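Step one of this worksheet: look at the structure below.
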Amino acid sequence: MLVIDNGKLRACLAAYWGLADAAVQVHNGGMNSATWFVSEGGERWVAKAVAPGSRRSFMGGLEVAAHVEAAGVPAGTPVVTRHGSVVADVDGVPLGLLNWVAGNGLLGRSPDEQRLIGATLARVHAALRSVTIKDADRFDWVDARASHLAVRPWVRPSVAAALAGYEALDVGSLSWGLLHTDPAPEAFRLDRKTGECGLIDWSIAMSGPLLYDLASAVMYVGGIDNADYLVEAYLESKTMTRAEVEHGLLAMLRFRWAVQADYFARRVVTDDLTGITSAADNEVGLENAHRWLGRLAAKKPSGAHRGHKTA
């Protein structure tokens with residue numbers, strides 16, 4: 001787990017960002033980071049720390065966030081330190097101070113919230129299509145031969161089958177761009193006073209199929225059968241064609257669950273408890289992936305997207 005001593009955190013905030021009298025409250029709402037709410041003089045920020053090995057990815061994600069915010073979507077951009085960097089180190093742990101994004105995270109249960117998620121994601125994708133980031137990662141996340149996939153008998157064959165379905169899409173022909181990679185409803189923050197919706201939690205600069213982000217959003221609201229409002233709102237922007245979504249969404253959603261299986265299998269094997277309270281939470285995540293991969297393996301492609309709904 002990521003642990004930073006409270007005194008050292010405060011000293012870092014003072015030395016690098018000039019926040020000598022900041023109030024600091026533990027948050028830790030993410031699976032791959034440690035976070036704190038920081039406030040001083042009526043202003044608010046989020047301090048975010050990641051594992052030392054994730055430093056490059058973290059900085060890349062902050063660069064993407066800056067481009068997103070420049071396009072008019074609040075994204076939790078980094079506050080530059082007194083030394084001109086976006087990241088400071090606390091005993092070797094990378095720490096960033098992020099601007100506060102007003103509002104509350106969505107749940108994605110209502111038609112209105114799903115439409116907002118779809119429309120905001122499309123707006124972000126459109127803004128990032130022309131952005132190039134040096135040394136951005138290339139989408140290639142899952143290795144079916146990885147040793148941690150032996151954690152349960154079902155994991156490797158299920159992941160391999162989903163990976164084969166993904167590769168059969170001819171992924172080079174899909175729409176590509178910089179991704180968010182994990183657009184869960186709570187990452188979309190709606191300021192109900194202004195109606196402005198932001199998208200936070202930019203953890204990496206990665207170029208990949210835009211359909212992966214859309215499939216991720218669909219996954220979080222309960223799957224294809226529950227995501228018509230979200231998908232239709234996304235399609236209204238014409239960032240991606242309906243034909244591409246109908247062709248690839250089901251296979252990409254299955255692949256997205258394979259990524260979940262890969263992720264939680266690795267966490268189980270390494271006993272990674274970052275962002276959770278016990279090892280049982282990793283087991284729950286792995287079992288959810290097992291259940292959904294089984295469902296999607298049996299689902300016919302014709303059900304990938306059923307068409308427009310009205311409330």
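Note on naming: chains are A, B, ... as they come in the structure tokens, residues start from 1 per chain, ligands start from 1 in the order shown.
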Enumerate the residues of stretch 197-229 of chain A with a DSSP assignment of strand (DSSP E), computed from the backbone, and present them as a PyMOL selection string. chain A and resi 197-199+206-209
Would you mind exporting the chosen residues as a CSV table (one decimal), in the first residue's frame, restricted to C-alpha atoms?
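Saved file result.csv follows:
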```
chain,number,residue,atom,x,y,z
A,197,CYS,CA,-19.3,18.4,-16.3
A,198,GLY,CA,-15.6,17.5,-15.8
A,199,LEU,CA,-13.7,14.3,-16.2
A,206,MET,CA,-2.1,6.2,-23.8
A,207,SER,CA,-3.1,6.0,-27.4
A,208,GLY,CA,-5.7,3.4,-28.3
A,209,PRO,CA,-9.1,2.6,-29.8
```
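Nearest residue to A:Ala88, choosing from A:Ala280, A:Met59, A:Leu249, A:Ile204 and counting only C-alpha atoms: A:Met59.
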Residues of stretch 154-194 of chain A at most 9 Å from stretch 119-126 of chain A: nearest atom pair and distance in Å, only C-alpha atoms, as CSV:
```
residue,atom,partner,partner_atom,distance
A:Gly177,CA,A:His125,CA,7.1
A:Leu178,CA,A:His125,CA,7.3
A:Leu179,CA,A:His125,CA,7.4
A:His180,CA,A:His125,CA,8.8
A:Pro183,CA,A:Leu121,CA,8.0
A:Phe188,CA,A:Thr120,CA,8.2
```
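Using only C-alpha atoms for every distance, the candidate list A:Ala187, A:Ala70, A:Ala49, A:Val80 yields A:Ala49 as the residue closest to A:Pro94.
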Of A:Asp89, A:Glu283, A:Glu69, A:Asp21, the one nearest to A:Ile200 when counting only C-alpha atoms is A:Glu69
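Checking A:Tyr212, A:Tyr263, A:Trp154, A:Trp100 one by one against A:Arg291, counting only C-alpha atoms, you find the shortest gap at A:Trp154.
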Got a sec to tell me which of stretch 36-219 of chain A DSSP assigns to helix (DSSP H, G or I), as an MDAnalysis selection string? chainID A and resid 52:70 111:128 147:151 155:167 171:173 185:187 210:219
Selected residues, C-alpha atoms, written as an mmCIF file, in the first residue's frame, please.
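Written out: again.cif:
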```cif
data_model
loop_
_atom_site.group_PDB
_atom_site.id
_atom_site.type_symbol
_atom_site.label_atom_id
_atom_site.label_comp_id
_atom_site.auth_asym_id
_atom_site.auth_seq_id
_atom_site.Cartn_x
_atom_site.Cartn_y
_atom_site.Cartn_z
ATOM 1 C CA PRO A 52 7.288 4.966 -7.787
ATOM 2 C CA GLY A 53 7.103 2.727 -10.853
ATOM 3 C CA SER A 54 4.088 4.699 -12.106
ATOM 4 C CA ARG A 55 5.824 8.082 -12.114
ATOM 5 C CA ARG A 56 6.163 8.335 -15.918
ATOM 6 C CA SER A 57 2.564 7.239 -16.477
ATOM 7 C CA PHE A 58 1.322 9.693 -13.850
ATOM 8 C CA MET A 59 3.113 12.609 -15.467
ATOM 9 C CA GLY A 60 1.810 11.591 -18.881
ATOM 10 C CA GLY A 61 -1.731 11.511 -17.552
ATOM 11 C CA LEU A 62 -1.342 14.985 -16.083
ATOM 12 C CA GLU A 63 -0.212 16.229 -19.492
ATOM 13 C CA VAL A 64 -3.332 14.765 -21.080
ATOM 14 C CA ALA A 65 -5.469 16.417 -18.390
ATOM 15 C CA ALA A 66 -3.991 19.790 -19.321
ATOM 16 C CA HIS A 67 -5.076 19.305 -22.948
ATOM 17 C CA VAL A 68 -8.567 18.256 -21.875
ATOM 18 C CA GLU A 69 -8.983 21.322 -19.676
ATOM 19 C CA ALA A 70 -7.668 23.564 -22.450
ATOM 20 C CA PRO A 111 -30.946 8.438 -18.368
ATOM 21 C CA ASP A 112 -29.833 12.035 -17.846
ATOM 22 C CA GLU A 113 -26.594 11.006 -16.168
ATOM 23 C CA GLN A 114 -25.886 8.409 -18.844
ATOM 24 C CA ARG A 115 -26.423 11.000 -21.555
ATOM 25 C CA LEU A 116 -24.042 13.355 -19.767
ATOM 26 C CA ILE A 117 -21.382 10.645 -19.501
ATOM 27 C CA GLY A 118 -21.695 9.770 -23.186
ATOM 28 C CA ALA A 119 -21.675 13.379 -24.355
ATOM 29 C CA THR A 120 -18.744 14.368 -22.126
ATOM 30 C CA LEU A 121 -16.666 11.363 -23.157
ATOM 31 C CA ALA A 122 -17.303 12.149 -26.819
ATOM 32 C CA ARG A 123 -16.335 15.782 -26.262
ATOM 33 C CA VAL A 124 -13.080 14.706 -24.623
ATOM 34 C CA HIS A 125 -12.282 12.243 -27.405
ATOM 35 C CA ALA A 126 -12.933 14.890 -30.042
ATOM 36 C CA ALA A 127 -10.623 17.327 -28.257
ATOM 37 C CA LEU A 128 -7.816 14.768 -27.956
ATOM 38 C CA SER A 147 2.245 -15.816 -15.037
ATOM 39 C CA HIS A 148 -0.338 -14.150 -12.784
ATOM 40 C CA LEU A 149 -3.146 -15.430 -15.015
ATOM 41 C CA ALA A 150 -2.586 -18.855 -13.463
ATOM 42 C CA VAL A 151 -4.148 -17.564 -10.229
ATOM 43 C CA VAL A 155 -8.571 -16.804 -15.877
ATOM 44 C CA ARG A 156 -6.084 -17.566 -18.646
ATOM 45 C CA PRO A 157 -8.527 -19.243 -21.089
ATOM 46 C CA SER A 158 -11.147 -16.530 -20.551
ATOM 47 C CA VAL A 159 -8.640 -13.744 -21.068
ATOM 48 C CA ALA A 160 -7.171 -15.464 -24.133
ATOM 49 C CA ALA A 161 -10.613 -15.868 -25.709
ATOM 50 C CA ALA A 162 -11.499 -12.214 -25.107
ATOM 51 C CA LEU A 163 -8.130 -11.132 -26.501
ATOM 52 C CA ALA A 164 -8.736 -13.191 -29.643
ATOM 53 C CA GLY A 165 -12.103 -11.489 -30.094
ATOM 54 C CA TYR A 166 -10.482 -8.094 -29.718
ATOM 55 C CA GLU A 167 -7.768 -8.889 -32.259
ATOM 56 C CA VAL A 171 -8.066 -2.906 -34.383
ATOM 57 C CA GLY A 172 -5.906 -0.859 -36.723
ATOM 58 C CA SER A 173 -9.042 0.091 -38.630
ATOM 59 C CA PRO A 185 -19.246 7.412 -13.526
ATOM 60 C CA GLU A 186 -17.571 8.874 -10.434
ATOM 61 C CA ALA A 187 -14.801 10.309 -12.630
ATOM 62 C CA LEU A 210 -11.638 5.116 -28.648
ATOM 63 C CA LEU A 211 -14.059 2.217 -28.488
ATOM 64 C CA TYR A 212 -12.162 0.964 -25.425
ATOM 65 C CA ASP A 213 -13.165 4.048 -23.431
ATOM 66 C CA LEU A 214 -16.748 3.740 -24.619
ATOM 67 C CA ALA A 215 -16.804 0.051 -23.660
ATOM 68 C CA SER A 216 -15.402 0.970 -20.239
ATOM 69 C CA ALA A 217 -18.173 3.502 -19.674
ATOM 70 C CA VAL A 218 -20.740 0.911 -20.777
ATOM 71 C CA MET A 219 -19.232 -1.647 -18.411
#
```
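Counting only C-alpha atoms and comparing A:Ser39, A:Asn32, A:Asn288, A:Asn104, the residue that lies closest to A:Trp257 is A:Asn288.
Between atom CA of A:Arg192 and atom CA of A:Lys48 the separation is 25.0 Å.
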Contacts of A:Thr274 at 7 Å or less, counting only C-alpha atoms, minus same-chain residues fewer than 5 places along, as a PyMOL selection string? chain A and resi 1-2+31-33
Just the selected residues (C-alpha atoms), exported as a CSV table (one decimal), in the first residue's frame, please.
```
chain,number,residue,atom,x,y,z
A,1,MET,CA,0.0,0.0,0.0
A,2,LEU,CA,1.0,3.6,-0.6
A,31,MET,CA,-7.5,1.8,-6.6
A,32,ASN,CA,-4.1,2.7,-7.8
A,33,SER,CA,-3.2,5.8,-5.8
```
Give me the residues within 12 Å of stretch 34-37 of chain A as a ChimeraX atom specification, counting only C-alpha atoms and dropping any in the same chain fewer than 4 places off. /A:1-6,9-10,13,22-30,43-51,93-101,201,273-276
Take the residues from that selection and write them out as a compact mmCIF listing (two decimals), in the first residue's frame, keeping N, CA and C atoms.
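As written to disk, again25.txt reads:
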```txt
# COMPACT_ATOMS: atom_id res chain seq x y z
N MET A 1 0.83 -1.20 0.00
CA MET A 1 0.00 0.00 0.00
C MET A 1 0.88 1.26 0.00
N LEU A 2 0.33 2.33 -0.59
CA LEU A 2 1.04 3.60 -0.58
C LEU A 2 0.81 4.30 0.75
N VAL A 3 1.88 4.59 1.46
CA VAL A 3 1.77 5.27 2.74
C VAL A 3 2.75 6.44 2.75
N ILE A 4 2.24 7.63 3.04
CA ILE A 4 3.09 8.80 3.20
C ILE A 4 2.81 9.38 4.58
N ASP A 5 3.85 9.58 5.33
CA ASP A 5 3.73 10.16 6.65
C ASP A 5 3.08 11.55 6.56
N ASN A 6 2.13 11.81 7.46
CA ASN A 6 1.39 13.06 7.42
C ASN A 6 2.31 14.28 7.54
N LEU A 9 4.13 14.77 4.27
CA LEU A 9 3.21 15.28 3.25
C LEU A 9 3.04 16.79 3.43
N ARG A 10 2.80 17.23 4.63
CA ARG A 10 2.62 18.66 4.89
C ARG A 10 3.89 19.44 4.56
N LEU A 13 4.06 19.83 0.80
CA LEU A 13 3.11 20.84 0.32
C LEU A 13 3.64 22.25 0.58
N ALA A 22 -1.86 24.51 5.21
CA ALA A 22 -2.94 23.77 4.57
C ALA A 22 -3.61 22.79 5.53
N ALA A 23 -4.93 22.65 5.38
CA ALA A 23 -5.67 21.59 6.05
C ALA A 23 -5.67 20.38 5.13
N VAL A 24 -5.35 19.22 5.67
CA VAL A 24 -5.20 18.01 4.86
C VAL A 24 -6.12 16.92 5.40
N GLN A 25 -6.91 16.33 4.51
CA GLN A 25 -7.85 15.27 4.88
C GLN A 25 -7.63 14.06 3.98
N VAL A 26 -7.45 12.89 4.56
CA VAL A 26 -7.26 11.68 3.78
C VAL A 26 -8.52 11.37 2.96
N HIS A 27 -8.32 11.03 1.70
CA HIS A 27 -9.43 10.66 0.83
C HIS A 27 -9.30 9.21 0.37
N ASN A 28 -8.25 8.93 -0.42
CA ASN A 28 -7.96 7.57 -0.90
C ASN A 28 -9.16 6.92 -1.57
N GLY A 29 -9.68 7.59 -2.60
CA GLY A 29 -10.83 7.06 -3.31
C GLY A 29 -10.50 6.22 -4.51
N GLY A 30 -9.21 6.08 -4.87
CA GLY A 30 -8.84 5.34 -6.07
C GLY A 30 -8.19 4.01 -5.76
N GLU A 43 -9.27 28.02 -0.92
CA GLU A 43 -9.05 27.23 -2.13
C GLU A 43 -8.91 25.75 -1.79
N ARG A 44 -9.19 24.90 -2.77
CA ARG A 44 -9.12 23.46 -2.56
C ARG A 44 -8.32 22.79 -3.67
N TRP A 45 -7.67 21.68 -3.31
CA TRP A 45 -6.91 20.88 -4.26
C TRP A 45 -7.03 19.41 -3.86
N VAL A 46 -6.50 18.56 -4.70
CA VAL A 46 -6.35 17.14 -4.36
C VAL A 46 -4.87 16.79 -4.50
N ALA A 47 -4.28 16.26 -3.45
CA ALA A 47 -2.91 15.73 -3.53
C ALA A 47 -3.01 14.26 -3.88
N LYS A 48 -2.22 13.84 -4.84
CA LYS A 48 -2.31 12.46 -5.33
C LYS A 48 -0.92 11.86 -5.43
N ALA A 49 -0.76 10.67 -4.84
CA ALA A 49 0.51 9.95 -4.89
C ALA A 49 0.31 8.62 -5.59
N VAL A 50 1.33 8.20 -6.34
CA VAL A 50 1.28 6.91 -7.04
C VAL A 50 2.55 6.13 -6.71
N ALA A 51 2.54 4.87 -7.03
CA ALA A 51 3.71 4.04 -6.80
C ALA A 51 4.90 4.57 -7.60
N VAL A 93 8.31 8.65 -3.41
CA VAL A 93 6.94 8.47 -3.90
C VAL A 93 6.51 9.72 -4.65
N PRO A 94 6.11 9.61 -5.92
CA PRO A 94 5.70 10.79 -6.69
C PRO A 94 4.38 11.36 -6.16
N LEU A 95 4.35 12.67 -5.97
CA LEU A 95 3.18 13.35 -5.46
C LEU A 95 2.85 14.54 -6.35
N GLY A 96 1.59 14.64 -6.75
CA GLY A 96 1.13 15.79 -7.51
C GLY A 96 0.05 16.53 -6.75
N LEU A 97 -0.08 17.81 -7.01
CA LEU A 97 -1.16 18.62 -6.43
C LEU A 97 -2.06 19.04 -7.59
N LEU A 98 -3.32 18.62 -7.53
CA LEU A 98 -4.23 18.81 -8.65
C LEU A 98 -5.30 19.84 -8.31
N ASN A 99 -5.62 20.64 -9.29
CA ASN A 99 -6.69 21.62 -9.11
C ASN A 99 -8.02 20.93 -8.86
N TRP A 100 -8.78 21.51 -7.98
CA TRP A 100 -10.08 20.96 -7.61
C TRP A 100 -11.08 21.12 -8.76
N VAL A 101 -11.83 20.06 -9.04
CA VAL A 101 -12.91 20.12 -10.03
C VAL A 101 -14.23 20.15 -9.27
N ASP A 201 -9.20 12.03 -12.96
CA ASP A 201 -8.47 10.77 -12.82
C ASP A 201 -7.73 10.38 -14.10
N LEU A 273 -2.94 -4.12 -1.99
CA LEU A 273 -4.11 -3.64 -1.28
C LEU A 273 -4.32 -2.13 -1.44
N THR A 274 -3.62 -1.54 -2.41
CA THR A 274 -3.77 -0.10 -2.64
C THR A 274 -5.23 0.23 -2.96
N GLY A 275 -5.81 1.17 -2.22
CA GLY A 275 -7.16 1.63 -2.50
C GLY A 275 -8.27 0.78 -1.94
N ILE A 276 -7.95 -0.31 -1.24
CA ILE A 276 -8.98 -1.20 -0.70
C ILE A 276 -8.69 -1.48 0.77
```
Figure out the distance between atom CA of A:Glu196 and atom CA of A:Val73, please, to one decimal in Å. 8.0 Å
Have a look at A:Leu107, A:Ala11, A:Leu190, A:Leu286 and name the one nearest to A:Arg266; count only C-alpha atoms. A:Leu286
